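Participant: Hey, dropping input.cif in here, mmCIF, C-alpha atoms:
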```cif
data_structure
loop_
_atom_site.group_PDB
_atom_site.id
_atom_site.type_symbol
_atom_site.label_atom_id
_atom_site.label_comp_id
_atom_site.auth_asym_id
_atom_site.auth_seq_id
_atom_site.Cartn_x
_atom_site.Cartn_y
_atom_site.Cartn_z
ATOM 1 C CA MET A 28 163.747 57.229 74.377
ATOM 2 C CA ALA A 29 165.776 60.400 75.105
ATOM 3 C CA GLN A 30 164.151 63.586 73.912
ATOM 4 C CA ARG A 31 166.075 65.503 71.286
ATOM 5 C CA LYS A 32 167.318 68.866 72.569
ATOM 6 C CA SER A 33 165.889 72.006 71.025
ATOM 7 C CA ARG A 34 168.155 74.367 69.120
ATOM 8 C CA SER A 35 167.961 76.939 71.920
ATOM 9 C CA ASP A 36 168.838 74.329 74.572
ATOM 10 C CA ARG A 37 171.789 73.163 72.491
ATOM 11 C CA ARG A 38 173.030 76.738 72.156
ATOM 12 C CA ILE A 39 172.797 77.184 75.940
ATOM 13 C CA ASP A 40 174.835 73.993 76.392
ATOM 14 C CA LEU A 41 177.432 75.292 73.946
ATOM 15 C CA ILE A 42 177.694 78.603 75.793
ATOM 16 C CA GLU A 43 178.369 76.706 79.016
ATOM 17 C CA ALA A 44 180.905 74.491 77.226
ATOM 18 C CA ALA A 45 182.630 77.595 75.842
ATOM 19 C CA ARG A 46 182.833 79.084 79.330
ATOM 20 C CA ARG A 47 184.511 75.950 80.644
ATOM 21 C CA ALA A 48 186.890 75.894 77.680
ATOM 22 C CA ILE A 49 187.880 79.532 78.235
ATOM 23 C CA ILE A 50 188.623 78.865 81.903
ATOM 24 C CA ARG A 51 190.658 75.753 81.029
ATOM 25 C CA HIS A 52 192.601 77.095 78.034
ATOM 26 C CA GLY A 53 192.464 80.887 78.387
ATOM 27 C CA ILE A 54 190.602 83.329 76.172
ATOM 28 C CA ASP A 55 193.519 83.554 73.735
ATOM 29 C CA GLY A 56 194.181 79.817 73.676
ATOM 30 C CA VAL A 57 190.681 78.382 73.337
ATOM 31 C CA GLN A 58 189.956 76.648 70.034
ATOM 32 C CA LEU A 59 186.928 75.143 68.375
ATOM 33 C CA SER A 60 188.093 71.639 69.297
ATOM 34 C CA HIS A 61 188.259 72.613 72.979
ATOM 35 C CA VAL A 62 184.643 73.782 72.965
ATOM 36 C CA ALA A 63 183.568 70.647 71.108
ATOM 37 C CA GLU A 64 185.353 68.454 73.658
ATOM 38 C CA GLU A 65 183.695 70.239 76.591
ATOM 39 C CA ALA A 66 180.296 69.885 74.901
ATOM 40 C CA GLY A 67 180.812 66.232 73.933
ATOM 41 C CA LEU A 68 180.177 67.085 70.291
ATOM 42 C CA THR A 69 182.101 67.201 67.045
ATOM 43 C CA SER A 70 183.570 70.464 65.832
ATOM 44 C CA GLY A 71 181.106 70.340 62.949
ATOM 45 C CA ALA A 72 178.182 70.160 65.352
ATOM 46 C CA VAL A 73 179.456 73.251 67.170
ATOM 47 C CA LEU A 74 179.818 75.116 63.875
ATOM 48 C CA TYR A 75 176.272 74.171 62.916
ATOM 49 C CA HIS A 76 174.993 76.266 65.823
ATOM 50 C CA TYR A 77 177.800 78.845 65.834
ATOM 51 C CA PRO A 78 179.498 79.213 62.428
ATOM 52 C CA ASP A 79 181.701 81.922 63.982
ATOM 53 C CA LEU A 80 183.608 80.770 67.079
ATOM 54 C CA SER A 81 184.216 84.377 68.168
ATOM 55 C CA GLU A 82 180.449 84.935 68.386
ATOM 56 C CA LEU A 83 180.130 81.951 70.718
ATOM 57 C CA LEU A 84 183.004 83.196 72.898
ATOM 58 C CA VAL A 85 181.402 86.635 73.215
ATOM 59 C CA GLU A 86 178.062 85.055 74.179
ATOM 60 C CA ALA A 87 179.865 82.937 76.772
ATOM 61 C CA GLN A 88 181.442 86.031 78.276
ATOM 62 C CA HIS A 89 178.131 87.899 78.320
ATOM 63 C CA ALA A 90 176.421 84.970 80.049
ATOM 64 C CA GLY A 91 179.072 85.075 82.762
ATOM 65 C CA MET A 92 178.482 88.783 83.283
ATOM 66 C CA GLU A 93 174.744 88.424 83.864
ATOM 67 C CA ARG A 94 175.342 87.420 87.481
ATOM 68 C CA PHE A 95 177.090 90.690 88.259
ATOM 69 C CA TYR A 96 174.432 93.007 86.896
ATOM 70 C CA GLU A 97 171.112 91.527 85.769
ATOM 71 C CA GLN A 98 170.844 89.050 88.657
ATOM 72 C CA ARG A 99 171.818 91.701 91.188
ATOM 73 C CA LEU A 100 169.209 94.105 89.841
ATOM 74 C CA ARG A 101 166.534 91.436 90.186
ATOM 75 C CA ARG A 102 167.554 90.902 93.806
ATOM 76 C CA LEU A 103 167.584 94.643 94.504
ATOM 77 C CA ALA A 104 164.054 94.945 93.137
ATOM 78 C CA THR A 105 162.859 92.826 96.072
ATOM 79 C CA LEU A 106 164.416 95.154 98.690
ATOM 80 C CA THR A 107 163.449 98.641 99.893
ATOM 81 C CA ASP A 108 165.976 99.564 102.612
ATOM 82 C CA PRO A 109 169.044 101.341 101.115
ATOM 83 C CA VAL A 110 171.282 99.898 103.834
ATOM 84 C CA GLU A 111 170.208 96.349 103.049
ATOM 85 C CA LYS A 112 170.537 97.044 99.332
ATOM 86 C CA LEU A 113 174.112 98.268 99.744
ATOM 87 C CA VAL A 114 175.165 95.383 101.984
ATOM 88 C CA VAL A 115 173.610 92.778 99.671
ATOM 89 C CA THR A 116 175.099 94.378 96.567
ATOM 90 C CA ILE A 117 178.608 94.421 98.005
ATOM 91 C CA ARG A 118 178.462 90.762 98.997
ATOM 92 C CA SER A 119 176.981 89.622 95.689
ATOM 93 C CA GLY A 120 179.796 91.259 93.736
ATOM 94 C CA LEU A 121 182.480 89.018 95.211
ATOM 95 C CA PRO A 122 183.591 85.507 94.234
ATOM 96 C CA THR A 123 182.266 82.585 96.235
ATOM 97 C CA GLY A 124 185.829 81.283 96.422
ATOM 98 C CA SER A 125 189.063 80.921 94.479
ATOM 99 C CA LEU A 126 187.480 78.601 91.890
ATOM 100 C CA ASP A 127 184.419 80.754 91.164
ATOM 101 C CA PRO A 128 183.941 80.161 87.408
ATOM 102 C CA ASP A 129 182.176 83.457 86.671
ATOM 103 C CA VAL A 130 184.962 85.528 88.204
ATOM 104 C CA ARG A 131 187.682 83.433 86.592
ATOM 105 C CA LEU A 132 185.937 84.062 83.284
ATOM 106 C CA LEU A 133 185.930 87.817 83.930
ATOM 107 C CA ASN A 134 189.630 87.659 84.796
ATOM 108 C CA GLU A 135 190.288 86.026 81.420
ATOM 109 C CA LEU A 136 188.253 88.714 79.717
ATOM 110 C CA GLY A 137 190.145 91.446 81.539
ATOM 111 C CA GLY A 138 193.455 90.030 80.392
ATOM 112 C CA ALA A 139 192.341 90.093 76.762
ATOM 113 C CA ALA A 140 190.495 93.424 76.814
ATOM 114 C CA GLY A 141 193.545 95.401 75.783
ATOM 115 C CA ARG A 142 194.011 93.217 72.701
ATOM 116 C CA ASN A 143 190.384 92.715 71.695
ATOM 117 C CA ARG A 144 188.096 95.720 71.251
ATOM 118 C CA VAL A 145 184.890 93.686 71.696
ATOM 119 C CA TYR A 146 186.046 92.313 75.045
ATOM 120 C CA GLY A 147 187.070 95.804 76.115
ATOM 121 C CA VAL A 148 183.607 97.142 75.272
ATOM 122 C CA LEU A 149 181.958 94.297 77.204
ATOM 123 C CA LEU A 150 184.020 94.978 80.314
ATOM 124 C CA THR A 151 183.543 98.742 80.133
ATOM 125 C CA SER A 152 179.798 98.303 79.755
ATOM 126 C CA LEU A 153 179.645 95.973 82.758
ATOM 127 C CA TYR A 154 181.674 98.391 84.876
ATOM 128 C CA ASP A 155 179.504 101.376 83.928
ATOM 129 C CA ARG A 156 176.285 99.480 84.638
ATOM 130 C CA GLN A 157 177.567 98.330 88.022
ATOM 131 C CA VAL A 158 178.544 101.897 88.875
ATOM 132 C CA SER A 159 175.048 103.134 87.988
ATOM 133 C CA MET A 160 173.566 100.369 90.154
ATOM 134 C CA TYR A 161 175.593 101.460 93.191
ATOM 135 C CA GLN A 162 174.981 105.132 92.449
ATOM 136 C CA ALA A 163 171.213 104.642 92.500
ATOM 137 C CA ILE A 164 171.444 103.005 95.932
ATOM 138 C CA LEU A 165 173.650 105.786 97.278
ATOM 139 C CA ASP A 166 171.460 108.567 95.882
ATOM 140 C CA THR A 167 168.330 106.997 97.327
ATOM 141 C CA GLY A 168 169.944 106.555 100.717
ATOM 142 C CA ALA A 169 171.173 110.147 100.711
ATOM 143 C CA ALA A 170 167.745 111.472 99.700
ATOM 144 C CA LEU A 171 166.142 109.563 102.571
ATOM 145 C CA GLY A 172 168.718 110.874 105.051
ATOM 146 C CA VAL A 173 170.062 107.372 105.684
ATOM 147 C CA PHE A 174 173.451 108.114 104.126
ATOM 148 C CA ARG A 175 175.705 111.141 104.606
ATOM 149 C CA LEU A 176 177.994 110.783 101.631
ATOM 150 C CA SER A 177 181.634 111.780 102.052
ATOM 151 C CA ALA A 178 181.982 112.444 98.301
ATOM 152 C CA GLY A 179 179.816 112.473 95.208
ATOM 153 C CA SER A 180 177.771 109.327 94.673
ATOM 154 C CA LEU A 181 179.495 108.684 91.347
ATOM 155 C CA THR A 182 182.942 108.745 92.975
ATOM 156 C CA ILE A 183 181.875 106.380 95.750
ATOM 157 C CA ALA A 184 180.125 104.052 93.298
ATOM 158 C CA ARG A 185 183.214 103.866 91.078
ATOM 159 C CA ASN A 186 185.379 103.068 94.082
ATOM 160 C CA LEU A 187 183.023 100.329 95.252
ATOM 161 C CA VAL A 188 183.121 98.593 91.872
ATOM 162 C CA ALA A 189 186.901 98.983 91.709
ATOM 163 C CA LEU A 190 187.218 97.395 95.154
ATOM 164 C CA GLU A 191 184.984 94.513 94.055
ATOM 165 C CA ASP A 192 187.242 93.926 91.062
ATOM 166 C CA ALA A 193 190.477 94.201 93.038
ATOM 167 C CA TYR A 194 189.458 91.920 95.886
ATOM 168 C CA GLY A 195 187.755 89.524 93.494
ATOM 169 C CA TYR A 196 191.065 89.089 91.711
ATOM 170 C CA ARG A 197 192.906 88.534 95.004
ATOM 171 C CA ILE A 198 190.426 85.829 95.986
ATOM 172 C CA THR A 199 190.752 83.942 92.694
ATOM 173 C CA ALA A 200 194.545 84.352 92.902
ATOM 174 C CA ARG A 201 194.323 82.484 96.226
ATOM 175 C CA HIS A 202 195.600 85.249 98.492
ATOM 176 C CA PRO A 203 196.372 83.490 101.801
ATOM 177 C CA VAL A 204 194.471 85.903 104.057
ATOM 178 C CA ILE A 205 191.839 87.462 101.780
ATOM 179 C CA GLY A 206 188.825 85.277 101.165
ATOM 180 C CA PRO A 207 185.219 86.242 100.427
ATOM 181 C CA ASP A 208 184.390 87.115 104.049
ATOM 182 C CA GLU A 209 187.532 89.210 104.546
ATOM 183 C CA ALA A 210 187.033 91.030 101.241
ATOM 184 C CA ASN A 211 183.403 91.715 102.084
ATOM 185 C CA GLU A 212 184.392 93.305 105.391
ATOM 186 C CA LEU A 213 187.166 95.357 103.771
ATOM 187 C CA ILE A 214 184.748 96.813 101.223
ATOM 188 C CA LEU A 215 182.125 97.407 103.904
ATOM 189 C CA SER A 216 184.699 99.353 105.940
ATOM 190 C CA TYR A 217 185.121 101.760 103.024
ATOM 191 C CA ALA A 218 181.352 101.904 102.462
ATOM 192 C CA ARG A 219 180.751 102.766 106.131
ATOM 193 C CA ALA A 220 183.150 105.701 105.945
ATOM 194 C CA ALA A 221 181.770 106.816 102.572
ATOM 195 C CA THR A 222 178.116 106.725 103.665
ATOM 196 C CA GLY A 223 178.367 107.768 107.329
ATOM 197 C CA ASN A 224 176.320 104.686 108.194
ATOM 198 C CA ASP A 225 177.447 101.641 110.164
ATOM 199 C CA LEU A 226 175.632 99.415 107.647
ATOM 200 C CA ALA A 227 174.445 97.094 110.360
ATOM 201 C CA HIS A 228 171.910 94.761 108.845
#
```
Show how you would write the structure in this file as structure tokens.
Facilitator:
Amino acid sequence: MAQRKSRSDRRIDLIEAARRAIIRHGIDGVQLSHVAEEAGLTSGAVLYHYPDLSELLVEAQHAGMERFYEQRLRRLATLTDPVEKLVVTIRSGLPTGSLDPDVRLLNELGGAAGRNRVYGVLLTSLYDRQVSMYQAILDTGAALGVFRLSAGSLTIARNLVALEDAYGYRITARHPVIGPDEANELILSYARAATGNDLAH
């Protein structure tokens, strides 16, 4: 006999269903019925767990963002070399390919941020946290004499996150000559110049 899912497990399933629905229908076009269809449930069952669809959509967006901050921080905590930290952080900020669901979700969020204050706050918060993550790596490397920064660490960190975003969009837009490997090397080329380190690792 199949075990009944717990309330928390069901909510996790619904968050994943909402993410798929957003990617399929767009953040402005997704409806309760779309989420229910993705989850294999009735609309009433979705509302039982999330009476407010907008709350579910925000949770779905936040879950997609975890990869680009919380998961990266956990990985960084296992490393000590600033060069390795910078190289790993750059690579982990890029899509795995044109169909990367997390990045496609962020693209949807970005398109709606100007119309929805909550989405704008989510994106701004993610950007600022990513900048602080890069800045900490740069400051540590500079303090250890590993990096010779060409500008302030905040400026370089902001540029690195902006490059991640720009190339991530190009990858998901299926640019014919910019894939994950090419984008990684393009960002590394800027990072090499900005840190005075060849970032060989």
Participant: Just the residues within 10 Å of A:Ala90, please, counting only C-alpha atoms, with nothing from its chain fewer than 5 positions along; format it as a list in words.
Facilitator: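 Neighbouring residues, sequence-local ones excluded: Ile39, Ile42, Glu43, Arg46, Leu84, Val85 and Asp129 of chain A.
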Participant: Atoms to include: C-alpha atoms. Write the selected residues as a compact mmCIF listing (two decimals), keeping the file's coordinate frame.
Facilitator:
```
# COMPACT_ATOMS: atom_id res chain seq x y z
CA ILE A 39 172.80 77.18 75.94
CA ILE A 42 177.69 78.60 75.79
CA GLU A 43 178.37 76.71 79.02
CA ARG A 46 182.83 79.08 79.33
CA LEU A 84 183.00 83.20 72.90
CA VAL A 85 181.40 86.64 73.22
CA ASP A 129 182.18 83.46 86.67
```
Participant: List as a PyMOL selection string the protein and nucleic acid residues near stretch 63-79 of chain A, meaning an atom at most 8 Å away when all atoms listed in the file are counted, but skip any in the same chain fewer than 4 places from it.
Facilitator: chain A and resi 34+38+40-41+44-45+47-48+59+83
Participant: Can you translate the PyMOL selection byres ((chain A and resi 165) around 8) into the concrete residues it hits in this file, as a PyMOL selection string?
Facilitator: chain A and resi 109+113+161-164+166-169+174+176+180+184+222
Participant: Care to translate the PyMOL selection byres ((chain A and resi 206-211) around 7) into actual residues of this file, as a PyMOL selection string?
Facilitator: chain A and resi 117-118+121-124+194+198+204-205+212-215
Participant: Return as JSON the centre and edge lengths, in Å with one decimal, of the box along x, y and z that encloses every atom of stretch 144-158 of chain A in the file, padded by 3 Å per side.
Facilitator:
```
{"center_x": 182.2, "center_y": 97.1, "center_z": 80.1, "size_x": 17.8, "size_y": 15.6, "size_z": 23.6}
```
Participant: What is the distance between atom CA of A:Thr151 and atom CA of A:Val188, in Å to one decimal?
Facilitator: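 Spanning atom CA of A:Thr151 to atom CA of A:Val188 is a straight-line distance of 11.7 Å.
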Participant: Using all atoms listed in the file, which residue out of A:Asp225, A:Gly56, A:Ser33, A:Thr105 lies closest to A:Ala139?
Facilitator: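 With all atoms listed in the file as the atom set, the closest residue is A:Gly56.
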Participant: Which residues fall under the PyMOL selection byres ((chain A and resi 134) around 10) in this file, as a PyMOL selection string?
Facilitator: chain A and resi 50+53-54+128-133+135-140+192+195-196+199
Participant: Go ahead and write the selection's residues with C-alpha atoms as a PDB file, keeping the file's coordinate frame.
Facilitator:
```
ATOM      1  CA  ILE A  50     188.623  78.865  81.903  1.00  0.00           C
ATOM      2  CA  GLY A  53     192.464  80.887  78.387  1.00  0.00           C
ATOM      3  CA  ILE A  54     190.602  83.329  76.172  1.00  0.00           C
ATOM      4  CA  PRO A 128     183.941  80.161  87.408  1.00  0.00           C
ATOM      5  CA  ASP A 129     182.176  83.457  86.671  1.00  0.00           C
ATOM      6  CA  VAL A 130     184.962  85.528  88.204  1.00  0.00           C
ATOM      7  CA  ARG A 131     187.682  83.433  86.592  1.00  0.00           C
ATOM      8  CA  LEU A 132     185.937  84.062  83.284  1.00  0.00           C
ATOM      9  CA  LEU A 133     185.930  87.817  83.930  1.00  0.00           C
ATOM     10  CA  GLU A 135     190.288  86.026  81.420  1.00  0.00           C
ATOM     11  CA  LEU A 136     188.253  88.714  79.717  1.00  0.00           C
ATOM     12  CA  GLY A 137     190.145  91.446  81.539  1.00  0.00           C
ATOM     13  CA  GLY A 138     193.455  90.030  80.392  1.00  0.00           C
ATOM     14  CA  ALA A 139     192.341  90.093  76.762  1.00  0.00           C
ATOM     15  CA  ALA A 140     190.495  93.424  76.814  1.00  0.00           C
ATOM     16  CA  ASP A 192     187.242  93.926  91.062  1.00  0.00           C
ATOM     17  CA  GLY A 195     187.755  89.524  93.494  1.00  0.00           C
ATOM     18  CA  TYR A 196     191.065  89.089  91.711  1.00  0.00           C
ATOM     19  CA  THR A 199     190.752  83.942  92.694  1.00  0.00           C
TER      20      THR A 199
END
```
Participant: Identify which of the residues A:Ala104, A:Val114, A:Ala193, A:Val145 lies closest to A:Ser216, counting all atoms listed in the file when measuring atom-to-atom distances.
Facilitator: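 Answer, going by the shortest atom-to-atom distance: A:Val114.
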Participant: Quote the spacing between atom CA of A:Asn224 and atom CA of A:Thr182 in Å to one decimal place.
Facilitator: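 Between atom CA of A:Asn224 and atom CA of A:Thr182 the gap is 17.1 Å.
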Participant: Could you give me, as a list in words, the residues within 8 Å of A:Phe95, counting only C-alpha atoms and dropping anything in the same chain fewer than 6 positions from it?
Facilitator: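 Final neighbour list, sorted by chain and number: Ser119, Gly120 and Gln157 of chain A.
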Participant: One decimal, in Å: what's the spacing between atom CA of A:Arg185 and atom CA of A:Leu149?
Facilitator: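 Between atom CA of A:Arg185 and atom CA of A:Leu149 the gap is 16.9 Å.
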Participant: Give me, as a ChimeraX atom specification, all polymer residues having an atom no more than 10 Å from A:Ala227, counting only C-alpha atoms and skipping those fewer than 4 positions away in the same chain.
Facilitator: /A:110-111,114,219
Participant: With C-alpha atoms retained, output stretch 77-94 of chain A as a PDB file, in the first residue's frame.
Facilitator:
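selection16.pdb written:
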```pdb
ATOM      1  CA  TYR A  77      -1.686  27.097  -0.798  1.00  0.00           C
ATOM      2  CA  PRO A  78      -4.892  29.155  -0.479  1.00  0.00           C
ATOM      3  CA  ASP A  79      -3.041  32.034  -2.179  1.00  0.00           C
ATOM      4  CA  LEU A  80      -1.553  31.120  -5.570  1.00  0.00           C
ATOM      5  CA  SER A  81       0.804  34.119  -5.456  1.00  0.00           C
ATOM      6  CA  GLU A  82       2.394  32.735  -2.278  1.00  0.00           C
ATOM      7  CA  LEU A  83       3.095  29.445  -4.047  1.00  0.00           C
ATOM      8  CA  LEU A  84       4.603  31.247  -7.054  1.00  0.00           C
ATOM      9  CA  VAL A  85       6.915  33.269  -4.805  1.00  0.00           C
ATOM     10  CA  GLU A  86       8.032  30.095  -3.000  1.00  0.00           C
ATOM     11  CA  ALA A  87       8.693  28.465  -6.371  1.00  0.00           C
ATOM     12  CA  GLN A  88      10.868  31.382  -7.411  1.00  0.00           C
ATOM     13  CA  HIS A  89      12.765  31.356  -4.117  1.00  0.00           C
ATOM     14  CA  ALA A  90      13.413  27.618  -4.438  1.00  0.00           C
ATOM     15  CA  GLY A  91      14.919  28.214  -7.869  1.00  0.00           C
ATOM     16  CA  MET A  92      17.214  30.886  -6.467  1.00  0.00           C
ATOM     17  CA  GLU A  93      18.684  28.649  -3.771  1.00  0.00           C
ATOM     18  CA  ARG A  94      21.076  27.093  -6.281  1.00  0.00           C
TER      19      ARG A  94
END
```
